[in-house]
Structure formats: C-alpha cells, structure tokens
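Asker: This structure is in structure tokens; I'll ask about it shortly.
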Amino acid sequence: DSGVTQTPKHLITATGQRVTLRCSPRSGDLSVYWYQQSLDQGLQFLIQYYNGEERAKGNILERFSAQQFPDLHSELNLSSLELGDSALYFCASSVAFGGVNGYTFGSGTRLTVV
Amino acid sequence: AQRVTQPEKLLSVFKGAPVELKCNYSYSGSPELFWYVQYSRQRLQLLLRHISRESIKGFTADLNKGETSFHLKKPFAQEEDSAMYYCALLGTYKYIFGTGTRLKVLA
C-alpha cells in the first residue's frame, strides 16, 4: 500500500455533471498534487496544495477546482463535464514542499464521461 | 523554460538485450531528476533519483549536464520490465513529467 488513498477508483458520469474526487495523503505528508493522465496528453500537472494553501497551478480548467482541508485530505471538483475530461486522475503527496525526495502516488481515479 | 523530453513513445527490445530510455531536459540551474515507472496503468512508483546515484531493479541513470540528459539504462532487459517510464524534473514546487516511454520486452 502506497499510503496515498484515492476514492472512488472508478467513476462513470454523463456530460454536464459534476463529480468530486478525494485524496488522502500519506501520513505526515503536507503537500498534495493533482495530475491528469490522458492517453494523448501524458501526465499534466493540475494543482498543488501545501498545508491547506494553494501553492501552484498548472493547466487546470476553470471548470475544475480543488481544496485541501485541515485534516490534509484534498478534493478535486470537476464540473460541467465534457467527454474530453475522461482520464485517469492521480493524486500524489510529499513531505517536503515541492517533493524533493519524490512523490508518493495514489492509484488514481478513472473518470469516464459518457 | 522547464521542460522534459522523452523522444520515444514506444521502445521494444528482446529479453536479455540492453535498454536505454532517453530523457532530455531544459532547466536553468541545477536540476533534480527522477525516473518513475507505471505498470499497467497502476500508480506511478519512484524508480530512482539522480542525487542518490542508486541502482534499482538493475536500472541506472546518469545525469549528463553537458548534454542535458538523464537516460535510463539496464544492461539486460527482463519481461517484467515492461511498463511505462516517465522522466521527471523537479521544477518550481512541482514535478514536470515527460510524455513517457512505453517499454515492451519481448520474449
């Protein structure tokens, strides 16, 4: 077990809907990162939180938002879903700000928009 | 610009043959580079990092600042090495990943 827990593992939803993906970081890790992995785009950085605060933003659409709660778990909210949002969404965590010792990845949430 | 390039989408080798997965980077300053491996669309796992100068599962990678490269090598490929390999650069507060190379080791 990697220590990073993501739920749900699979999600199938219709276009126009809204979903929430959840991530619990490894115990002791303060940084949480969200990545989107699609077949044609590879791993795209979405957003990073450190101890509850947003610290870096990548190619995250305005329809997407995230937050990190006081217990350090994080949620990624995807709204007005489109077919192109179908992808594997990974959460990763690290102890250090920026992940100098490497990330620990969760097993991902596979989102299918139909 | 901070960028990681993995020029090969797919690399097929026979079992027992040497493997080299290419990675080039663009970064001003001293880079921190890593290789991650992903088996069958499972979670990514850290394979190795250049600062450790370690060998994991027979893989090694040497940072060549002159060529801005961090190629992953293994002298004798095994079937269980078949996976997706990502090179990553620690940029400003986050990792920048290459597009990945799928390694297929043929029996």
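By convention in this document, the chains of the structure tokens carry letters A, B, ... by their order, each chain's residues are numbered from 1, and ligands are numbered from 1 in the order they are shown.
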Could you write out as a CSV table (one decimal) with all heavy atoms, in the first residue's frame the residues of chain A within 12 Å of chain B, counting only C-alpha atoms?

Answerer:
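That gives us selection22.csv:
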```
chain,number,residue,atom,x,y,z
A,1,ASP,N,0.8,-1.2,0.0
A,1,ASP,CA,0.0,0.0,0.0
A,1,ASP,C,0.9,1.2,0.0
A,1,ASP,O,1.8,1.4,0.8
A,1,ASP,CB,-0.9,0.0,1.2
A,1,ASP,CG,-1.8,1.2,1.2
A,1,ASP,OD1,-2.7,1.3,0.4
A,1,ASP,OD2,-1.6,2.1,2.1
A,2,SER,N,0.6,2.2,-0.9
A,2,SER,CA,1.5,3.3,-1.1
A,2,SER,C,1.3,4.4,0.0
A,2,SER,O,2.1,5.2,0.2
A,2,SER,CB,1.2,4.0,-2.4
A,2,SER,OG,0.0,4.7,-2.4
A,3,GLY,N,0.1,4.3,0.7
A,3,GLY,CA,-0.1,5.3,1.7
A,3,GLY,C,-1.0,6.5,1.2
A,3,GLY,O,-1.5,7.2,2.0
A,4,VAL,N,-1.1,6.7,-0.1
A,4,VAL,CA,-2.0,7.7,-0.6
A,4,VAL,C,-3.3,7.0,-1.1
A,4,VAL,O,-3.2,6.1,-1.9
A,4,VAL,CB,-1.3,8.4,-1.8
A,4,VAL,CG1,-2.3,9.4,-2.4
A,4,VAL,CG2,0.0,9.1,-1.3
A,5,THR,N,-4.4,7.4,-0.6
A,5,THR,CA,-5.6,6.8,-0.9
A,5,THR,C,-6.5,7.7,-1.7
A,5,THR,O,-6.7,8.9,-1.4
A,5,THR,CB,-6.4,6.5,0.4
A,5,THR,OG1,-5.6,5.7,1.3
A,5,THR,CG2,-7.7,5.7,0.1
A,6,GLN,N,-7.0,7.2,-2.8
A,6,GLN,CA,-7.9,7.9,-3.7
A,6,GLN,C,-9.2,7.2,-3.8
A,6,GLN,O,-9.2,6.0,-4.0
A,6,GLN,CB,-7.3,8.1,-5.1
A,6,GLN,CG,-6.1,9.1,-5.1
A,6,GLN,CD,-5.7,9.4,-6.5
A,6,GLN,OE1,-4.6,9.0,-7.0
A,6,GLN,NE2,-6.5,10.1,-7.3
A,9,LYS,N,-12.3,4.6,-7.1
A,9,LYS,CA,-11.4,4.1,-8.1
A,9,LYS,C,-11.9,4.3,-9.5
A,9,LYS,O,-11.1,4.6,-10.4
A,9,LYS,CB,-11.1,2.6,-7.8
A,9,LYS,CG,-10.4,2.3,-6.6
A,9,LYS,CD,-9.9,0.9,-6.6
A,9,LYS,CE,-9.3,0.5,-5.3
A,9,LYS,NZ,-8.1,1.3,-5.0
A,31,SER,N,2.1,18.1,1.5
A,31,SER,CA,1.9,18.6,0.1
A,31,SER,C,1.0,17.6,-0.6
A,31,SER,O,1.3,16.4,-0.6
A,31,SER,CB,3.2,18.8,-0.6
A,31,SER,OG,3.8,20.0,-0.3
A,32,VAL,N,0.1,18.1,-1.4
A,32,VAL,CA,-0.8,17.2,-2.2
A,32,VAL,C,-0.7,17.8,-3.6
A,32,VAL,O,-0.8,19.0,-3.8
A,32,VAL,CB,-2.2,17.2,-1.7
A,32,VAL,CG1,-3.1,16.5,-2.7
A,32,VAL,CG2,-2.3,16.4,-0.4
A,33,TYR,N,-0.6,16.9,-4.6
A,33,TYR,CA,-0.6,17.4,-6.0
A,33,TYR,C,-1.6,16.6,-6.8
A,33,TYR,O,-1.8,15.4,-6.5
A,33,TYR,CB,0.8,17.0,-6.6
A,33,TYR,CG,2.0,17.4,-5.8
A,33,TYR,CD1,2.4,16.7,-4.7
A,33,TYR,CD2,2.7,18.6,-6.1
A,33,TYR,CE1,3.5,17.0,-3.9
A,33,TYR,CE2,3.8,19.0,-5.3
A,33,TYR,CZ,4.2,18.2,-4.2
A,33,TYR,OH,5.3,18.6,-3.5
A,34,TRP,N,-2.2,17.2,-7.7
A,34,TRP,CA,-3.2,16.6,-8.6
A,34,TRP,C,-2.6,16.6,-10.0
A,34,TRP,O,-2.2,17.6,-10.5
A,34,TRP,CB,-4.5,17.2,-8.6
A,34,TRP,CG,-5.3,17.0,-7.3
A,34,TRP,CD1,-5.4,17.8,-6.2
A,34,TRP,CD2,-6.2,15.9,-7.1
A,34,TRP,NE1,-6.3,17.2,-5.3
A,34,TRP,CE2,-6.7,16.0,-5.8
A,34,TRP,CE3,-6.5,14.7,-7.8
A,34,TRP,CZ2,-7.6,15.1,-5.2
A,34,TRP,CZ3,-7.4,13.8,-7.2
A,34,TRP,CH2,-7.9,14.0,-6.0
A,35,TYR,N,-2.7,15.4,-10.7
A,35,TYR,CA,-2.3,15.3,-12.1
A,35,TYR,C,-3.4,14.6,-12.9
A,35,TYR,O,-4.1,13.7,-12.3
A,35,TYR,CB,-1.0,14.4,-12.2
A,35,TYR,CG,0.2,15.1,-11.8
A,35,TYR,CD1,0.6,15.2,-10.5
A,35,TYR,CD2,1.1,15.7,-12.8
A,35,TYR,CE1,1.8,15.9,-10.2
A,35,TYR,CE2,2.2,16.3,-12.5
A,35,TYR,CZ,2.6,16.4,-11.1
A,35,TYR,OH,3.8,17.1,-10.8
A,36,GLN,N,-3.5,15.0,-14.1
A,36,GLN,CA,-4.4,14.3,-15.0
A,36,GLN,C,-3.6,13.5,-16.1
A,36,GLN,O,-2.7,14.1,-16.6
A,36,GLN,CB,-5.3,15.4,-15.8
A,36,GLN,CG,-6.3,14.8,-16.8
A,36,GLN,CD,-6.9,15.9,-17.6
A,36,GLN,OE1,-6.1,16.7,-18.3
A,36,GLN,NE2,-8.2,16.0,-17.6
A,37,GLN,N,-4.0,12.3,-16.3
A,37,GLN,CA,-3.3,11.4,-17.2
A,37,GLN,C,-4.3,11.0,-18.3
A,37,GLN,O,-5.2,10.2,-18.0
A,37,GLN,CB,-2.6,10.2,-16.6
A,37,GLN,CG,-1.8,9.4,-17.5
A,37,GLN,CD,-1.2,8.2,-16.9
A,37,GLN,OE1,-1.9,7.5,-16.1
A,37,GLN,NE2,0.0,7.9,-17.1
A,38,SER,N,-4.1,11.5,-19.5
A,38,SER,CA,-4.9,11.0,-20.6
A,38,SER,C,-4.0,10.4,-21.6
A,38,SER,O,-2.8,10.6,-21.6
A,38,SER,CB,-5.7,12.2,-21.2
A,38,SER,OG,-4.8,13.2,-21.6
A,39,LEU,N,-4.6,9.6,-22.5
A,39,LEU,CA,-3.8,8.9,-23.5
A,39,LEU,C,-2.9,9.8,-24.4
A,39,LEU,O,-1.8,9.5,-24.7
A,39,LEU,CB,-4.7,8.0,-24.4
A,39,LEU,CG,-5.2,6.7,-23.7
A,39,LEU,CD1,-6.2,6.0,-24.5
A,39,LEU,CD2,-4.0,5.8,-23.3
A,40,ASP,N,-3.5,10.9,-24.8
A,40,ASP,CA,-2.7,11.7,-25.7
A,40,ASP,C,-1.9,12.8,-25.1
A,40,ASP,O,-1.1,13.4,-25.7
A,40,ASP,CB,-3.7,12.3,-26.8
A,40,ASP,CG,-4.8,13.1,-26.1
A,40,ASP,OD1,-5.0,12.9,-24.9
A,40,ASP,OD2,-5.5,13.8,-26.8
A,41,GLN,N,-2.2,13.1,-23.8
A,41,GLN,CA,-1.5,14.3,-23.1
A,41,GLN,C,-0.5,13.9,-22.1
A,41,GLN,O,0.2,14.7,-21.6
A,41,GLN,CB,-2.6,15.2,-22.5
A,41,GLN,CG,-3.5,15.9,-23.4
A,41,GLN,CD,-2.8,17.0,-24.2
A,41,GLN,OE1,-1.9,17.6,-23.7
A,41,GLN,NE2,-3.2,17.1,-25.4
A,42,GLY,N,-0.4,12.6,-21.8
A,42,GLY,CA,0.5,12.2,-20.7
A,42,GLY,C,0.1,12.7,-19.4
A,42,GLY,O,-1.1,12.9,-19.1
A,43,LEU,N,1.1,13.0,-18.5
A,43,LEU,CA,0.8,13.5,-17.2
A,43,LEU,C,0.8,15.0,-17.2
A,43,LEU,O,1.8,15.6,-17.3
A,43,LEU,CB,1.8,13.0,-16.2
A,43,LEU,CG,1.6,11.6,-15.5
A,43,LEU,CD1,2.8,11.1,-14.9
A,43,LEU,CD2,0.4,11.8,-14.5
A,44,GLN,N,-0.4,15.6,-16.9
A,44,GLN,CA,-0.5,17.0,-16.8
A,44,GLN,C,-0.7,17.5,-15.4
A,44,GLN,O,-1.6,17.0,-14.7
A,44,GLN,CB,-1.6,17.5,-17.7
A,44,GLN,CG,-1.5,17.2,-19.2
A,44,GLN,CD,-0.4,18.0,-19.8
A,44,GLN,OE1,-0.3,19.2,-19.7
A,44,GLN,NE2,0.5,17.3,-20.6
A,45,PHE,N,0.2,18.4,-14.9
A,45,PHE,CA,0.0,18.9,-13.6
A,45,PHE,C,-1.2,19.8,-13.5
A,45,PHE,O,-1.4,20.7,-14.4
A,45,PHE,CB,1.3,19.7,-13.2
A,45,PHE,CG,1.2,20.5,-11.9
A,45,PHE,CD1,1.1,19.8,-10.7
A,45,PHE,CD2,1.1,21.8,-12.0
A,45,PHE,CE1,1.0,20.6,-9.5
A,45,PHE,CE2,1.0,22.6,-10.8
A,45,PHE,CZ,1.0,21.9,-9.6
A,46,LEU,N,-2.0,19.6,-12.5
A,46,LEU,CA,-3.2,20.5,-12.3
A,46,LEU,C,-3.0,21.5,-11.2
A,46,LEU,O,-3.1,22.7,-11.5
A,46,LEU,CB,-4.4,19.6,-12.0
A,46,LEU,CG,-4.9,18.6,-13.1
A,46,LEU,CD1,-6.1,17.8,-12.6
A,46,LEU,CD2,-5.2,19.4,-14.4
A,47,ILE,N,-2.7,21.0,-10.0
A,47,ILE,CA,-2.7,22.0,-8.9
A,47,ILE,C,-1.9,21.3,-7.7
A,47,ILE,O,-1.9,20.1,-7.6
A,47,ILE,CB,-4.1,22.4,-8.5
A,47,ILE,CG1,-4.1,23.7,-7.7
A,47,ILE,CG2,-4.8,21.2,-7.8
A,47,ILE,CD1,-5.5,24.3,-7.6
A,48,GLN,N,-1.4,22.2,-6.9
A,48,GLN,CA,-0.7,21.7,-5.7
A,48,GLN,C,-1.2,22.5,-4.5
A,48,GLN,O,-1.4,23.7,-4.5
A,48,GLN,CB,0.8,21.9,-5.8
A,48,GLN,CG,1.6,21.5,-4.6
A,48,GLN,CD,2.9,22.3,-4.3
A,48,GLN,OE1,3.2,23.2,-5.1
A,48,GLN,NE2,3.6,21.9,-3.3
A,49,TYR,N,-1.3,21.8,-3.3
A,49,TYR,CA,-1.6,22.4,-2.1
A,49,TYR,C,-0.5,22.0,-1.1
A,49,TYR,O,0.1,20.9,-1.1
A,49,TYR,CB,-2.9,21.9,-1.5
A,49,TYR,CG,-4.1,22.6,-2.2
A,49,TYR,CD1,-4.6,22.1,-3.4
A,49,TYR,CD2,-4.6,23.7,-1.7
A,49,TYR,CE1,-5.6,22.7,-4.1
A,49,TYR,CE2,-5.7,24.4,-2.4
A,49,TYR,CZ,-6.1,23.8,-3.6
A,49,TYR,OH,-7.2,24.5,-4.2
A,50,TYR,N,-0.2,22.9,-0.2
A,50,TYR,CA,0.7,22.7,0.9
A,50,TYR,C,0.1,23.1,2.2
A,50,TYR,O,-0.2,24.3,2.4
A,50,TYR,CB,2.0,23.4,0.7
A,50,TYR,CG,3.0,23.1,1.8
A,50,TYR,CD1,3.7,21.9,1.9
A,50,TYR,CD2,3.3,24.1,2.7
A,50,TYR,CE1,4.7,21.7,2.9
A,50,TYR,CE2,4.2,23.9,3.7
A,50,TYR,CZ,4.9,22.7,3.8
A,50,TYR,OH,5.8,22.5,4.9
A,54,GLU,N,-3.2,26.7,-1.4
A,54,GLU,CA,-2.8,26.5,-2.8
A,54,GLU,C,-1.4,27.1,-3.1
A,54,GLU,O,-1.2,28.3,-2.8
A,54,GLU,CB,-3.8,27.1,-3.8
A,54,GLU,CG,-3.6,26.9,-5.2
A,54,GLU,CD,-4.5,27.7,-6.1
A,54,GLU,OE1,-5.7,27.6,-6.0
A,54,GLU,OE2,-4.0,28.6,-6.9
A,55,ARG,N,-0.5,26.3,-3.7
A,55,ARG,CA,0.8,26.8,-3.9
A,55,ARG,C,1.2,26.9,-5.4
A,55,ARG,O,2.1,27.6,-5.7
A,55,ARG,CB,1.8,25.9,-3.2
A,55,ARG,CG,1.8,26.1,-1.7
A,55,ARG,CD,2.0,27.6,-1.3
A,55,ARG,NE,2.0,27.8,0.2
A,55,ARG,CZ,3.1,28.0,0.8
A,55,ARG,NH1,4.3,28.0,0.2
A,55,ARG,NH2,3.1,28.2,2.1
A,56,ALA,N,0.6,26.1,-6.2
A,56,ALA,CA,1.0,26.1,-7.6
A,56,ALA,C,-0.2,25.6,-8.4
A,56,ALA,O,-0.9,24.8,-8.0
A,56,ALA,CB,2.2,25.3,-7.9
A,57,LYS,N,-0.3,26.3,-9.6
A,57,LYS,CA,-1.4,25.9,-10.5
A,57,LYS,C,-0.8,25.6,-11.9
A,57,LYS,O,0.1,26.3,-12.4
A,57,LYS,CB,-2.4,27.1,-10.7
A,57,LYS,CG,-3.8,26.8,-10.3
A,57,LYS,CD,-4.6,28.0,-10.4
A,57,LYS,CE,-6.0,27.7,-9.9
A,57,LYS,NZ,-6.9,28.8,-9.9
A,58,GLY,N,-1.3,24.5,-12.5
A,58,GLY,CA,-0.9,24.2,-13.8
A,58,GLY,C,-2.0,24.4,-14.8
A,58,GLY,O,-2.7,25.4,-14.8
A,59,ASN,N,-2.1,23.4,-15.7
A,59,ASN,CA,-3.1,23.5,-16.7
A,59,ASN,C,-4.5,23.1,-16.2
A,59,ASN,O,-5.1,22.2,-16.8
A,59,ASN,CB,-2.7,22.6,-17.9
A,59,ASN,CG,-1.4,23.1,-18.5
A,59,ASN,OD1,-1.1,24.3,-18.6
A,59,ASN,ND2,-0.6,22.1,-18.9
A,87,ALA,N,-10.4,10.6,-18.1
A,87,ALA,CA,-8.9,10.5,-17.9
A,87,ALA,C,-8.7,9.8,-16.6
A,87,ALA,O,-9.7,9.5,-15.8
A,87,ALA,CB,-8.2,11.8,-17.9
A,88,LEU,N,-7.5,9.5,-16.3
A,88,LEU,CA,-7.1,9.0,-15.0
A,88,LEU,C,-6.6,10.2,-14.2
A,88,LEU,O,-5.7,10.9,-14.7
A,88,LEU,CB,-6.0,7.9,-15.2
A,88,LEU,CG,-5.6,7.0,-14.1
A,88,LEU,CD1,-6.9,6.2,-13.6
A,88,LEU,CD2,-4.6,5.9,-14.6
A,89,TYR,N,-7.1,10.4,-13.0
A,89,TYR,CA,-6.7,11.5,-12.2
A,89,TYR,C,-5.9,10.9,-11.0
A,89,TYR,O,-6.4,10.2,-10.2
A,89,TYR,CB,-7.9,12.3,-11.7
A,89,TYR,CG,-8.6,13.0,-12.8
A,89,TYR,CD1,-9.5,12.4,-13.7
A,89,TYR,CD2,-8.2,14.4,-13.1
A,89,TYR,CE1,-10.1,13.1,-14.7
A,89,TYR,CE2,-8.8,15.0,-14.2
A,89,TYR,CZ,-9.7,14.4,-15.0
A,89,TYR,OH,-10.3,15.1,-16.0
A,90,PHE,N,-4.7,11.4,-10.9
A,90,PHE,CA,-3.8,11.0,-9.9
A,90,PHE,C,-3.6,12.0,-8.8
A,90,PHE,O,-3.5,13.2,-9.1
A,90,PHE,CB,-2.4,10.6,-10.4
A,90,PHE,CG,-2.3,9.3,-11.1
A,90,PHE,CD1,-2.2,9.2,-12.5
A,90,PHE,CD2,-2.4,8.1,-10.4
A,90,PHE,CE1,-2.1,8.0,-13.1
A,90,PHE,CE2,-2.3,6.9,-11.0
A,90,PHE,CZ,-2.1,6.8,-12.4
A,91,CYS,N,-3.5,11.6,-7.6
A,91,CYS,CA,-3.1,12.4,-6.5
A,91,CYS,C,-1.7,11.9,-6.0
A,91,CYS,O,-1.5,10.7,-6.1
A,91,CYS,CB,-4.1,12.3,-5.4
A,91,CYS,SG,-3.7,13.1,-3.9
A,92,ALA,N,-0.9,12.8,-5.6
A,92,ALA,CA,0.4,12.5,-5.1
A,92,ALA,C,0.6,13.3,-3.8
A,92,ALA,O,0.1,14.4,-3.7
A,92,ALA,CB,1.5,12.7,-6.1
A,93,SER,N,1.5,12.8,-3.0
A,93,SER,CA,1.8,13.6,-1.8
A,93,SER,C,3.3,13.6,-1.5
A,93,SER,O,4.0,12.6,-2.0
A,93,SER,CB,1.0,13.2,-0.6
A,93,SER,OG,1.5,11.9,-0.1
A,94,SER,N,3.8,14.5,-0.8
A,94,SER,CA,5.2,14.5,-0.4
A,94,SER,C,5.3,15.2,1.0
A,94,SER,O,4.5,16.0,1.3
A,94,SER,CB,6.0,15.2,-1.4
A,94,SER,OG,5.7,16.6,-1.5
A,96,ALA,N,8.0,17.1,1.8
A,96,ALA,CA,8.6,18.4,1.6
A,96,ALA,C,7.8,19.2,0.6
A,96,ALA,O,7.2,18.7,-0.3
A,96,ALA,CB,10.1,18.3,1.1
A,97,PHE,N,7.8,20.5,0.8
A,97,PHE,CA,7.2,21.4,-0.2
A,97,PHE,C,7.9,21.3,-1.5
A,97,PHE,O,9.1,21.6,-1.6
A,97,PHE,CB,7.3,22.8,0.4
A,97,PHE,CG,6.7,23.9,-0.5
A,97,PHE,CD1,5.4,23.9,-0.8
A,97,PHE,CD2,7.6,24.7,-1.2
A,97,PHE,CE1,4.9,24.9,-1.6
A,97,PHE,CE2,7.1,25.7,-2.0
A,97,PHE,CZ,5.7,25.8,-2.2
A,98,GLY,N,7.3,20.8,-2.5
A,98,GLY,CA,7.9,20.7,-3.8
A,98,GLY,C,8.3,19.3,-4.1
A,98,GLY,O,8.6,18.9,-5.3
A,99,GLY,N,8.4,18.4,-3.1
A,99,GLY,CA,8.7,17.0,-3.4
A,99,GLY,C,10.1,16.6,-3.7
A,99,GLY,O,10.3,15.8,-4.6
A,100,VAL,N,11.1,17.2,-3.0
A,100,VAL,CA,12.5,17.0,-3.4
A,100,VAL,C,12.9,15.5,-3.2
A,100,VAL,O,13.8,15.1,-3.8
A,100,VAL,CB,13.4,18.0,-2.6
A,100,VAL,CG1,13.3,17.6,-1.1
A,100,VAL,CG2,14.8,17.9,-3.1
A,101,ASN,N,12.2,14.8,-2.3
A,101,ASN,CA,12.5,13.4,-2.1
A,101,ASN,C,11.6,12.5,-2.9
A,101,ASN,O,11.6,11.3,-2.7
A,101,ASN,CB,12.4,13.1,-0.6
A,101,ASN,CG,13.4,13.8,0.2
A,101,ASN,OD1,14.6,13.9,-0.2
A,101,ASN,ND2,13.1,14.3,1.4
A,102,GLY,N,10.9,13.0,-3.8
A,102,GLY,CA,10.0,12.2,-4.6
A,102,GLY,C,8.5,12.2,-4.1
A,102,GLY,O,8.3,12.6,-3.0
A,103,TYR,N,7.7,11.9,-5.0
A,103,TYR,CA,6.2,11.8,-4.7
A,103,TYR,C,5.9,10.4,-4.3
A,103,TYR,O,6.5,9.5,-4.8
A,103,TYR,CB,5.4,12.2,-5.9
A,103,TYR,CG,5.4,13.6,-6.3
A,103,TYR,CD1,4.6,13.9,-7.5
A,103,TYR,CD2,6.0,14.6,-5.7
A,103,TYR,CE1,4.6,15.2,-7.9
A,103,TYR,CE2,5.9,15.9,-6.1
A,103,TYR,CZ,5.2,16.2,-7.2
A,103,TYR,OH,5.2,17.5,-7.7
A,104,THR,N,4.8,10.3,-3.5
A,104,THR,CA,4.1,9.0,-3.4
A,104,THR,C,2.8,9.2,-4.1
A,104,THR,O,2.0,10.1,-3.8
A,104,THR,CB,3.9,8.7,-1.9
A,104,THR,OG1,5.1,8.6,-1.3
A,104,THR,CG2,3.1,7.3,-1.8
A,105,PHE,N,2.5,8.3,-5.1
A,105,PHE,CA,1.3,8.5,-5.8
A,105,PHE,C,0.2,7.5,-5.3
A,105,PHE,O,0.5,6.5,-4.8
A,105,PHE,CB,1.5,8.1,-7.3
A,105,PHE,CG,2.1,9.2,-8.1
A,105,PHE,CD1,3.5,9.4,-8.2
A,105,PHE,CD2,1.3,10.0,-8.9
A,105,PHE,CE1,4.0,10.5,-8.9
A,105,PHE,CE2,1.8,11.1,-9.6
A,105,PHE,CZ,3.1,11.3,-9.7
A,106,GLY,N,-1.0,8.0,-5.5
A,106,GLY,CA,-2.2,7.1,-5.3
A,106,GLY,C,-2.4,6.3,-6.5
A,106,GLY,O,-1.8,6.5,-7.5
A,107,SER,N,-3.4,5.4,-6.4
A,107,SER,CA,-3.7,4.5,-7.5
A,107,SER,C,-4.6,5.1,-8.6
A,107,SER,O,-4.9,4.5,-9.6
A,107,SER,CB,-4.2,3.2,-7.0
A,107,SER,OG,-5.3,3.4,-6.2
A,108,GLY,N,-5.1,6.3,-8.3
A,108,GLY,CA,-5.8,7.1,-9.3
A,108,GLY,C,-7.3,6.8,-9.3
A,108,GLY,O,-7.8,5.8,-8.7
A,109,THR,N,-8.0,7.8,-9.9
A,109,THR,CA,-9.5,7.6,-10.1
A,109,THR,C,-9.7,7.7,-11.6
A,109,THR,O,-9.2,8.7,-12.3
A,109,THR,CB,-10.3,8.8,-9.5
A,109,THR,OG1,-10.2,8.7,-8.0
A,109,THR,CG2,-11.7,8.7,-9.9
A,110,ARG,N,-10.3,6.6,-12.1
A,110,ARG,CA,-10.5,6.6,-13.6
A,110,ARG,C,-11.9,7.2,-13.8
A,110,ARG,O,-12.9,6.6,-13.4
A,110,ARG,CB,-10.4,5.2,-14.1
A,110,ARG,CG,-10.6,5.1,-15.7
A,110,ARG,CD,-10.4,3.7,-16.2
A,110,ARG,NE,-9.0,3.3,-15.9
A,110,ARG,CZ,-8.0,3.6,-16.7
A,110,ARG,NH1,-8.1,4.4,-17.7
A,110,ARG,NH2,-6.8,3.1,-16.4
```

Asker: Quick one: everything within 7 Å of stretch 13-30 of chain A, counting only C-alpha atoms, minus sequence neighbours fewer than 4 positions away in the same chain. Send it as a list of chain:residue names.

Answerer: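 Counting only C-alpha atoms, the residues come to A:Gly3, A:Val4, A:Thr5, A:Gln6, A:Thr7, A:Pro8, A:Tyr50, A:Asn51, A:Leu72, A:His73, A:Ser74, A:Glu75, A:Leu76, A:Asn77, A:Leu78, A:Ser79, A:Ser80, A:Leu81, A:Glu82, A:Leu83, A:Cys91, A:Ser93, A:Ser94, A:Val95, A:Thr112, A:Val113, A:Val114.
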
Asker: So how far away is atom CA of A:Leu111 from atom CA of A:Leu61, in Å?

Answerer: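 Between atom CA of A:Leu61 and atom CA of A:Leu111 the gap is 15.9 Å.
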
Asker: Write out as a PyMOL selection string the residues lying within 9 Å of stretch 19-28 of chain B, counting only C-alpha atoms and excluding same-chain residues fewer than 6 positions away.

Answerer: chain B and resi 1-8+11+13+67-77+85-89+91+98+101+103

Asker: So that I can check the secondary structure, give me every residue of chain B assigned strand (DSSP E or B) by backbone DSSP, as a PyMOL selection string.

Answerer: chain B and resi 3-5+10-14+19-21+24-26+33-38+44-49+56+59-61+64+69+72-74+83-90+95-97+101-106
